[in-house]
>>> print(open('structure_1.cif').read())   # mmCIF, C-alpha atoms
data_structure
loop_
_atom_site.label_atom_id
_atom_site.label_comp_id
_atom_site.auth_asym_id
_atom_site.auth_seq_id
_atom_site.Cartn_x
_atom_site.Cartn_y
_atom_site.Cartn_z
CA MET A 29 58.64 -31.54 26.69
CA PRO A 30 57.40 -34.23 24.29
CA SER A 31 57.75 -37.71 25.72
CA THR A 32 60.96 -39.67 25.12
CA ILE A 33 59.09 -42.92 25.85
CA PRO A 34 58.45 -44.97 22.68
CA LEU A 35 54.94 -44.30 21.38
CA ASP A 36 54.22 -48.03 21.26
CA ALA A 37 55.18 -48.51 24.91
CA PRO A 38 52.69 -50.45 27.09
CA LYS A 39 49.95 -48.42 28.74
CA SER A 40 50.55 -47.26 32.31
CA GLU A 41 49.72 -49.56 35.20
CA GLY A 42 46.03 -49.27 35.98
CA TYR A 43 45.17 -47.82 32.56
CA TYR A 44 42.41 -50.39 32.01
CA ALA A 45 41.24 -50.47 35.63
CA LEU A 46 40.10 -46.88 36.21
CA GLY A 47 37.12 -46.62 38.56
CA ARG A 48 35.88 -43.20 37.36
CA GLU A 49 34.26 -42.53 40.75
CA GLU A 50 34.51 -38.75 40.42
CA VAL A 51 32.76 -38.83 37.03
CA ILE A 52 30.15 -41.46 37.78
CA ALA A 53 29.10 -39.49 40.86
CA HIS A 54 27.53 -36.94 38.49
CA LEU A 55 25.32 -39.41 36.65
CA PRO A 56 21.52 -39.15 36.96
CA ARG A 57 20.26 -41.67 39.53
CA PRO A 58 19.35 -44.43 39.63
CA ALA A 59 21.66 -45.57 36.85
CA GLY A 60 19.45 -48.60 36.10
CA ARG A 61 20.65 -50.74 33.21
CA VAL A 62 24.10 -49.52 32.16
CA LEU A 63 26.22 -49.97 29.03
CA ASP A 64 29.90 -49.13 29.53
CA VAL A 65 31.61 -48.72 26.15
CA GLY A 66 35.36 -49.20 26.42
CA CYS A 67 34.96 -50.75 29.86
CA GLY A 68 38.55 -51.93 30.27
CA GLU A 69 38.84 -54.29 33.22
CA GLY A 70 35.52 -53.19 34.70
CA GLY A 71 36.96 -50.85 37.32
CA ALA A 72 33.72 -48.88 37.27
CA ALA A 73 31.65 -51.78 38.62
CA ALA A 74 31.54 -50.71 42.27
CA PRO A 75 30.90 -46.99 41.59
CA LEU A 76 28.12 -47.89 39.15
CA ARG A 77 26.45 -50.24 41.64
CA ALA A 78 26.69 -47.45 44.21
CA VAL A 79 24.61 -45.12 41.99
CA GLY A 80 21.92 -47.69 41.36
CA ALA A 81 23.13 -49.82 38.45
CA THR A 82 20.95 -52.94 38.32
CA TRP A 83 22.72 -54.46 35.29
CA ILE A 84 26.04 -53.59 33.67
CA SER A 85 27.01 -54.54 30.14
CA GLY A 86 30.49 -53.72 28.90
CA ILE A 87 32.15 -53.55 25.50
CA GLU A 88 35.94 -53.85 25.36
CA LEU A 89 38.20 -54.17 22.32
CA LEU A 90 41.02 -56.12 23.98
CA PRO A 91 40.47 -59.72 25.15
CA GLU A 92 42.50 -59.63 28.39
CA PRO A 93 40.78 -56.61 29.98
CA ALA A 94 37.43 -57.89 28.68
CA GLU A 95 37.96 -61.20 30.45
CA ARG A 96 38.64 -59.43 33.73
CA ALA A 97 35.62 -57.18 33.31
CA GLY A 98 33.48 -60.27 32.77
CA LYS A 99 34.08 -61.21 36.40
CA VAL A 100 32.46 -58.05 37.76
CA TYR A 101 30.00 -57.01 35.03
CA ASP A 102 26.83 -58.89 34.12
CA GLU A 103 27.83 -59.08 30.45
CA VAL A 104 30.93 -58.19 28.47
CA LEU A 105 31.23 -58.19 24.68
CA CYS A 106 34.73 -58.25 23.20
CA GLY A 107 35.45 -56.53 19.91
CA ASP A 108 34.87 -53.33 17.97
CA ALA A 109 32.24 -51.25 19.76
CA LEU A 110 30.28 -50.35 16.63
CA GLU A 111 30.05 -54.02 15.67
CA GLN A 112 29.17 -55.23 19.17
CA VAL A 113 26.69 -52.61 20.37
CA ALA A 114 23.62 -54.15 18.71
CA ASP A 115 24.23 -57.42 20.59
CA ALA A 116 24.32 -55.79 24.03
CA SER A 117 21.36 -56.60 26.29
CA GLY A 118 19.52 -53.29 26.03
CA PRO A 119 17.65 -51.11 26.17
CA PHE A 120 19.84 -49.18 28.60
CA ASP A 121 19.03 -46.34 30.97
CA THR A 122 22.63 -45.11 31.14
CA VAL A 123 25.38 -45.33 28.53
CA LEU A 124 29.01 -44.46 29.31
CA CYS A 125 31.52 -43.58 26.62
CA TYR A 126 34.64 -42.48 28.51
CA ASP A 127 37.81 -41.80 26.52
CA VAL A 128 36.59 -43.82 23.54
CA LEU A 129 35.49 -41.48 20.75
CA GLU A 130 38.93 -39.97 20.20
CA HIS A 131 40.20 -43.44 19.24
CA LEU A 132 37.66 -43.94 16.45
CA TYR A 133 37.74 -43.13 12.76
CA ASP A 134 33.98 -42.50 12.76
CA PRO A 135 32.84 -41.56 16.29
CA HIS A 136 29.54 -40.18 14.98
CA ALA A 137 28.51 -43.67 13.83
CA LEU A 138 29.02 -45.10 17.32
CA VAL A 139 27.19 -42.29 19.10
CA ARG A 140 24.29 -42.73 16.69
CA ALA A 141 24.26 -46.50 17.23
CA LEU A 142 24.18 -45.99 21.00
CA LEU A 143 20.95 -44.06 20.59
CA ASP A 144 19.31 -47.21 19.21
CA VAL A 145 20.06 -49.28 22.32
CA THR A 146 19.06 -46.61 24.83
CA ALA A 147 15.64 -46.35 26.44
CA PRO A 148 13.63 -43.15 25.80
CA GLY A 149 14.84 -40.54 28.27
CA GLY A 150 18.01 -42.54 28.91
CA SER A 151 21.37 -40.82 29.45
CA LEU A 152 24.65 -40.78 27.57
CA HIS A 153 27.80 -39.58 29.36
CA VAL A 154 30.85 -38.91 27.18
CA SER A 155 34.38 -37.80 27.98
CA VAL A 156 37.03 -36.64 25.49
CA PRO A 157 40.39 -34.85 25.76
CA ASN A 158 40.18 -31.10 25.18
CA ALA A 159 41.83 -30.13 21.89
CA SER A 160 42.05 -26.51 23.07
CA HIS A 161 44.16 -27.31 26.14
CA VAL A 162 46.90 -24.77 26.76
CA SER A 163 49.63 -27.43 26.76
CA LEU A 164 48.83 -28.36 23.16
CA LEU A 165 48.75 -24.73 22.07
CA ARG A 166 52.07 -24.16 23.86
CA ASP A 167 53.77 -27.09 22.13
CA LEU A 168 52.44 -26.15 18.70
CA ILE A 169 53.37 -22.46 18.96
CA VAL A 170 56.54 -22.53 21.06
CA ARG A 171 58.01 -25.98 20.40
CA GLY A 172 56.70 -26.65 16.93
CA THR A 173 55.45 -30.14 17.76
CA PHE A 174 52.13 -31.83 18.38
CA GLY A 175 53.87 -33.94 21.00
CA TYR A 176 52.24 -37.37 20.87
CA THR A 177 52.82 -39.58 23.94
CA PRO A 178 52.20 -43.29 24.73
CA TYR A 179 49.16 -42.38 26.83
CA GLY A 180 47.42 -39.37 28.34
CA HIS A 181 46.11 -36.21 26.70
CA ARG A 182 47.97 -36.79 23.44
CA ASP A 183 47.92 -40.56 23.31
CA ALA A 184 49.43 -41.75 20.03
CA THR A 185 46.33 -43.88 19.40
CA HIS A 186 44.01 -40.85 19.28
CA LEU A 187 42.56 -40.38 15.81
CA ARG A 188 40.13 -37.53 16.47
CA TRP A 189 40.28 -34.32 18.52
CA PHE A 190 37.45 -32.27 20.01
CA THR A 191 36.96 -28.83 21.48
CA ARG A 192 33.91 -28.27 23.67
CA LYS A 193 31.90 -27.09 20.67
CA ASP A 194 33.04 -30.03 18.56
CA ILE A 195 31.93 -32.74 20.98
CA VAL A 196 28.61 -31.04 21.69
CA ALA A 197 27.96 -30.77 17.95
CA LEU A 198 28.79 -34.43 17.36
CA VAL A 199 26.48 -35.66 20.13
CA GLU A 200 23.62 -33.44 19.01
CA GLU A 201 24.04 -34.35 15.33
CA ALA A 202 23.75 -38.01 16.33
CA GLY A 203 20.26 -37.32 17.72
CA TRP A 204 20.92 -36.75 21.43
CA SER A 205 19.79 -33.75 23.48
CA VAL A 206 22.73 -32.28 25.42
CA SER A 207 21.79 -31.26 28.94
CA ARG A 208 25.16 -30.44 30.52
CA VAL A 209 28.82 -29.92 29.63
CA ASP A 210 31.45 -29.99 32.39
CA PRO A 211 35.22 -29.50 32.37
CA SER A 212 37.53 -31.88 34.20
CA LYS A 213 38.85 -30.68 37.55
CA LEU A 214 40.76 -27.40 37.33
CA TRP A 215 43.84 -26.60 39.36
CA ARG A 216 43.71 -23.66 41.81
CA THR A 217 45.33 -21.18 39.42
CA SER A 218 43.03 -22.29 36.61
CA ARG A 219 39.98 -21.82 38.84
CA THR A 220 41.13 -18.30 39.67
CA LEU A 221 41.60 -17.47 36.00
CA ALA A 222 38.16 -18.92 35.25
CA ARG A 223 36.58 -16.59 37.78
CA LEU A 224 38.46 -13.57 36.48
CA SER A 225 37.57 -14.37 32.86
CA PHE A 226 33.93 -15.23 33.64
CA GLY A 227 34.61 -18.83 32.66
CA ARG A 228 36.14 -18.14 29.26
CA SER A 229 39.61 -19.40 30.21
CA THR A 230 38.16 -22.83 31.04
CA GLU A 231 38.23 -23.57 27.31
CA PHE A 232 42.03 -23.66 27.53
CA PHE A 233 42.64 -25.16 30.98
CA ALA A 234 40.20 -28.08 31.05
CA GLY A 235 42.03 -31.33 30.32
CA GLN A 236 38.79 -33.05 29.32
CA TRP A 237 35.16 -32.32 28.53
CA PHE A 238 32.29 -34.34 29.94
CA VAL A 239 29.01 -34.21 28.04
CA LEU A 240 25.75 -35.46 29.52
CA ALA A 241 22.96 -35.99 27.01
CA ARG A 242 19.53 -37.63 26.92
CA LYS A 243 17.66 -39.61 24.32
CA PRO A 244 14.48 -37.71 23.44
CA HIS A 245 11.22 -39.36 24.49
#
>>> encode(input="structure_1.cif", output="structure tokens")
Amino acid sequence: MPSTIPLDAPKSEGYYALGREEVIAHLPRPAGRVLDVGCGEGGAAAPLRAVGATWISGIELLPEPAERAGKVYDEVLCGDALEQVADASGPFDTVLCYDVLEHLYDPHALVRALLDVTAPGGSLHVSVPNASHVSLLRDLIVRGTFGYTPYGHRDATHLRWFTRKDIVALVEEAGWSVSRVDPSKLWRTSRTLARLSFGRSTEFFAGQWFVLARKPH
């Protein structure tokens, strides 16, 4: 059912402190110089150091999480990512953009700007909610509602929505070369359906898409 919690309710506890260990584990190693866009409180610091980050810059819109991130990152810029990215201490070997693009009016502009601060051959790792998820289709068809919530898959602050094809197209149009696209973890039943459908059902059961891309040499 759509949430009965007010859409302007505070984010859940830990929202800005996610470590992203399971995602960061898939980054090319060593991570080298890292830019974490939308870094929150810097929860990814330890996992990034573990995969070879030698320097971590963060960009965070909100002052309070940015201040906390500044205690564990080497550099944190506070403000709009598109405005701050040119001032980050690049070039970077690895750029993270987790759960950021869906909040932006012009995500293409940011992804293109990130190319300019990335070293040749450097990596970009993006995550976005899957607009084709079965729960959204269910609510639209059966319940007649989009079903915004205060946080999660249909966070009320999301401005843009992406299917797998959409996010791949955006990243490639911004000048990156996509090397891998992964779904978020599937539940047991979803994994079974994926096998039976030769992977086609994953388009509807993945909660998020993760896109790994490289800057051309």
>>> residues_around(input="structure_1.cif", residues="A:Ser85", least_positions_apart="3", cutoff="12 Å", atoms="all atoms listed in the file", output="CSV table (one decimal) with C-alpha atoms, keeping the file's coordinate frame")
chain,number,residue,atom,x,y,z
A,60,GLY,CA,19.4,-48.6,36.1
A,61,ARG,CA,20.6,-50.7,33.2
A,62,VAL,CA,24.1,-49.5,32.2
A,63,LEU,CA,26.2,-50.0,29.0
A,64,ASP,CA,29.9,-49.1,29.5
A,65,VAL,CA,31.6,-48.7,26.2
A,66,GLY,CA,35.4,-49.2,26.4
A,67,CYS,CA,35.0,-50.8,29.9
A,68,GLY,CA,38.6,-51.9,30.3
A,70,GLY,CA,35.5,-53.2,34.7
A,72,ALA,CA,33.7,-48.9,37.3
A,73,ALA,CA,31.6,-51.8,38.6
A,76,LEU,CA,28.1,-47.9,39.2
A,81,ALA,CA,23.1,-49.8,38.4
A,82,THR,CA,21.0,-52.9,38.3
A,88,GLU,CA,35.9,-53.8,25.4
A,94,ALA,CA,37.4,-57.9,28.7
A,97,ALA,CA,35.6,-57.2,33.3
A,98,GLY,CA,33.5,-60.3,32.8
A,99,LYS,CA,34.1,-61.2,36.4
A,100,VAL,CA,32.5,-58.0,37.8
A,101,TYR,CA,30.0,-57.0,35.0
A,102,ASP,CA,26.8,-58.9,34.1
A,103,GLU,CA,27.8,-59.1,30.4
A,104,VAL,CA,30.9,-58.2,28.5
A,105,LEU,CA,31.2,-58.2,24.7
A,106,CYS,CA,34.7,-58.2,23.2
A,112,GLN,CA,29.2,-55.2,19.2
A,113,VAL,CA,26.7,-52.6,20.4
A,114,ALA,CA,23.6,-54.2,18.7
A,115,ASP,CA,24.2,-57.4,20.6
A,116,ALA,CA,24.3,-55.8,24.0
A,117,SER,CA,21.4,-56.6,26.3
A,118,GLY,CA,19.5,-53.3,26.0
A,119,PRO,CA,17.6,-51.1,26.2
A,120,PHE,CA,19.8,-49.2,28.6
A,121,ASP,CA,19.0,-46.3,31.0
A,122,THR,CA,22.6,-45.1,31.1
A,123,VAL,CA,25.4,-45.3,28.5
A,124,LEU,CA,29.0,-44.5,29.3
A,145,VAL,CA,20.1,-49.3,22.3
>>> closest_residue(input="structure_1.cif", among="A:Trp204, A:Asp127, A:Ser212, A:Val170", to="A:Arg182", atoms="all atoms listed in the file")
A:Asp127
>>> atom_distance(input="structure_1.cif", atom1="atom CA of A:Phe233", atom2="atom CA of A:Val209")
14.7 Å
>>> closest_residue(input="structure_1.cif", among="A:Glu49, A:Glu111, A:Glu92, A:Asp210", to="A:Gln236", atoms="only C-alpha atoms")
A:Asp210
>>> atom_distance(input="structure_1.cif", atom1="atom CA of A:Arg208", atom2="atom CA of A:Gly80")
20.6 Å
>>> resolve_selection(input="structure_1.cif", expression="the PyMOL selection byres ((chain A and resi 183-186) around 10)", output="VMD selection string")
chain A and resid 34 to 36 39 127 to 133 157 175 to 182 187 to 189
>>> atom_distance(input="structure_1.cif", atom1="atom CA of A:Glu200", atom2="atom CA of A:Phe238")
14.0 Å
>>> closest_residue(input="structure_1.cif", among="A:Asn158, A:Ile195, A:Phe190, A:Gly149", to="A:Thr230", atoms="only C-alpha atoms")
A:Asn158
>>> closest_residue(input="structure_1.cif", among="A:Val156, A:Leu90, A:Leu240, A:Val199", to="A:Val139", atoms="only C-alpha atoms")
A:Val199
>>> decode(input="structure_1.cif", residues="stretch 52-76 of chain A", atoms="N, CA and C atoms", output="PDB file, in the first residue's frame")
ATOM      1  N   ILE A  52      30.536  -1.365  -3.381  1.00  0.00           N
ATOM      2  CA  ILE A  52      31.936  -0.969  -3.532  1.00  0.00           C
ATOM      3  C   ILE A  52      32.831  -2.176  -3.786  1.00  0.00           C
ATOM      4  N   ALA A  53      32.432  -3.335  -3.286  1.00  0.00           N
ATOM      5  CA  ALA A  53      33.225  -4.552  -3.487  1.00  0.00           C
ATOM      6  C   ALA A  53      33.399  -4.895  -4.964  1.00  0.00           C
ATOM      7  N   HIS A  54      32.523  -4.361  -5.822  1.00  0.00           N
ATOM      8  CA  HIS A  54      32.588  -4.660  -7.251  1.00  0.00           C
ATOM      9  C   HIS A  54      33.371  -3.621  -8.058  1.00  0.00           C
ATOM     10  N   LEU A  55      33.928  -2.627  -7.380  1.00  0.00           N
ATOM     11  CA  LEU A  55      34.694  -1.611  -8.099  1.00  0.00           C
ATOM     12  C   LEU A  55      36.019  -2.169  -8.604  1.00  0.00           C
ATOM     13  N   PRO A  56      36.514  -1.673  -9.734  1.00  0.00           N
ATOM     14  CA  PRO A  56      37.868  -2.023 -10.186  1.00  0.00           C
ATOM     15  C   PRO A  56      38.878  -1.587  -9.117  1.00  0.00           C
ATOM     16  N   ARG A  57      39.917  -2.390  -8.942  1.00  0.00           N
ATOM     17  CA  ARG A  57      40.916  -2.085  -7.906  1.00  0.00           C
ATOM     18  C   ARG A  57      42.275  -1.853  -8.537  1.00  0.00           C
ATOM     19  N   PRO A  58      43.105  -1.039  -7.894  1.00  0.00           N
ATOM     20  CA  PRO A  58      42.804  -0.224  -6.717  1.00  0.00           C
ATOM     21  C   PRO A  58      41.941   0.974  -7.077  1.00  0.00           C
ATOM     22  N   ALA A  59      41.175   1.450  -6.114  1.00  0.00           N
ATOM     23  CA  ALA A  59      40.261   2.565  -6.379  1.00  0.00           C
ATOM     24  C   ALA A  59      41.008   3.873  -6.618  1.00  0.00           C
ATOM     25  N   GLY A  60      42.201   4.015  -6.039  1.00  0.00           N
ATOM     26  CA  GLY A  60      43.008   5.217  -6.255  1.00  0.00           C
ATOM     27  C   GLY A  60      42.345   6.462  -5.676  1.00  0.00           C
ATOM     28  N   ARG A  61      42.365   7.530  -6.437  1.00  0.00           N
ATOM     29  CA  ARG A  61      41.726   8.784  -6.011  1.00  0.00           C
ATOM     30  C   ARG A  61      40.237   8.705  -6.332  1.00  0.00           C
ATOM     31  N   VAL A  62      39.413   8.914  -5.305  1.00  0.00           N
ATOM     32  CA  VAL A  62      37.973   8.677  -5.420  1.00  0.00           C
ATOM     33  C   VAL A  62      37.193   9.970  -5.204  1.00  0.00           C
ATOM     34  N   LEU A  63      36.148  10.163  -6.008  1.00  0.00           N
ATOM     35  CA  LEU A  63      35.168  11.222  -5.800  1.00  0.00           C
ATOM     36  C   LEU A  63      33.829  10.555  -5.519  1.00  0.00           C
ATOM     37  N   ASP A  64      33.257  10.847  -4.356  1.00  0.00           N
ATOM     38  CA  ASP A  64      31.973  10.283  -3.953  1.00  0.00           C
ATOM     39  C   ASP A  64      30.928  11.396  -3.999  1.00  0.00           C
ATOM     40  N   VAL A  65      30.100  11.382  -5.032  1.00  0.00           N
ATOM     41  CA  VAL A  65      29.080  12.412  -5.216  1.00  0.00           C
ATOM     42  C   VAL A  65      27.826  12.014  -4.442  1.00  0.00           C
ATOM     43  N   GLY A  66      27.358  12.904  -3.563  1.00  0.00           N
ATOM     44  CA  GLY A  66      26.252  12.555  -2.689  1.00  0.00           C
ATOM     45  C   GLY A  66      26.744  11.664  -1.567  1.00  0.00           C
ATOM     46  N   CYS A  67      27.824  12.075  -0.921  1.00  0.00           N
ATOM     47  CA  CYS A  67      28.545  11.202   0.011  1.00  0.00           C
ATOM     48  C   CYS A  67      27.872  11.053   1.360  1.00  0.00           C
ATOM     49  N   GLY A  68      26.830  11.844   1.649  1.00  0.00           N
ATOM     50  CA  GLY A  68      26.191  11.742   2.949  1.00  0.00           C
ATOM     51  C   GLY A  68      27.176  12.010   4.069  1.00  0.00           C
ATOM     52  N   GLU A  69      27.170  11.143   5.071  1.00  0.00           N
ATOM     53  CA  GLU A  69      28.044  11.293   6.230  1.00  0.00           C
ATOM     54  C   GLU A  69      29.399  10.627   6.044  1.00  0.00           C
ATOM     55  N   GLY A  70      29.651  10.101   4.841  1.00  0.00           N
ATOM     56  CA  GLY A  70      30.937   9.459   4.595  1.00  0.00           C
ATOM     57  C   GLY A  70      31.007   8.027   5.065  1.00  0.00           C
ATOM     58  N   GLY A  71      29.874   7.344   5.102  1.00  0.00           N
ATOM     59  CA  GLY A  71      29.839   5.953   5.539  1.00  0.00           C
ATOM     60  C   GLY A  71      30.653   5.022   4.672  1.00  0.00           C
ATOM     61  N   ALA A  72      30.966   5.457   3.450  1.00  0.00           N
ATOM     62  CA  ALA A  72      31.724   4.602   2.538  1.00  0.00           C
ATOM     63  C   ALA A  72      33.230   4.687   2.743  1.00  0.00           C
ATOM     64  N   ALA A  73      33.678   5.471   3.709  1.00  0.00           N
ATOM     65  CA  ALA A  73      35.117   5.679   3.888  1.00  0.00           C
ATOM     66  C   ALA A  73      35.881   4.375   4.074  1.00  0.00           C
ATOM     67  N   ALA A  74      35.480   3.568   5.036  1.00  0.00           N
ATOM     68  CA  ALA A  74      36.213   2.327   5.326  1.00  0.00           C
ATOM     69  C   ALA A  74      36.178   1.356   4.148  1.00  0.00           C
ATOM     70  N   PRO A  75      35.010   1.088   3.532  1.00  0.00           N
ATOM     71  CA  PRO A  75      35.000   0.200   2.371  1.00  0.00           C
ATOM     72  C   PRO A  75      35.866   0.703   1.220  1.00  0.00           C
ATOM     73  N   LEU A  76      35.896   2.008   1.016  1.00  0.00           N
ATOM     74  CA  LEU A  76      36.713   2.562  -0.064  1.00  0.00           C
ATOM     75  C   LEU A  76      38.204   2.400   0.237  1.00  0.00           C
TER      76      LEU A  76
END
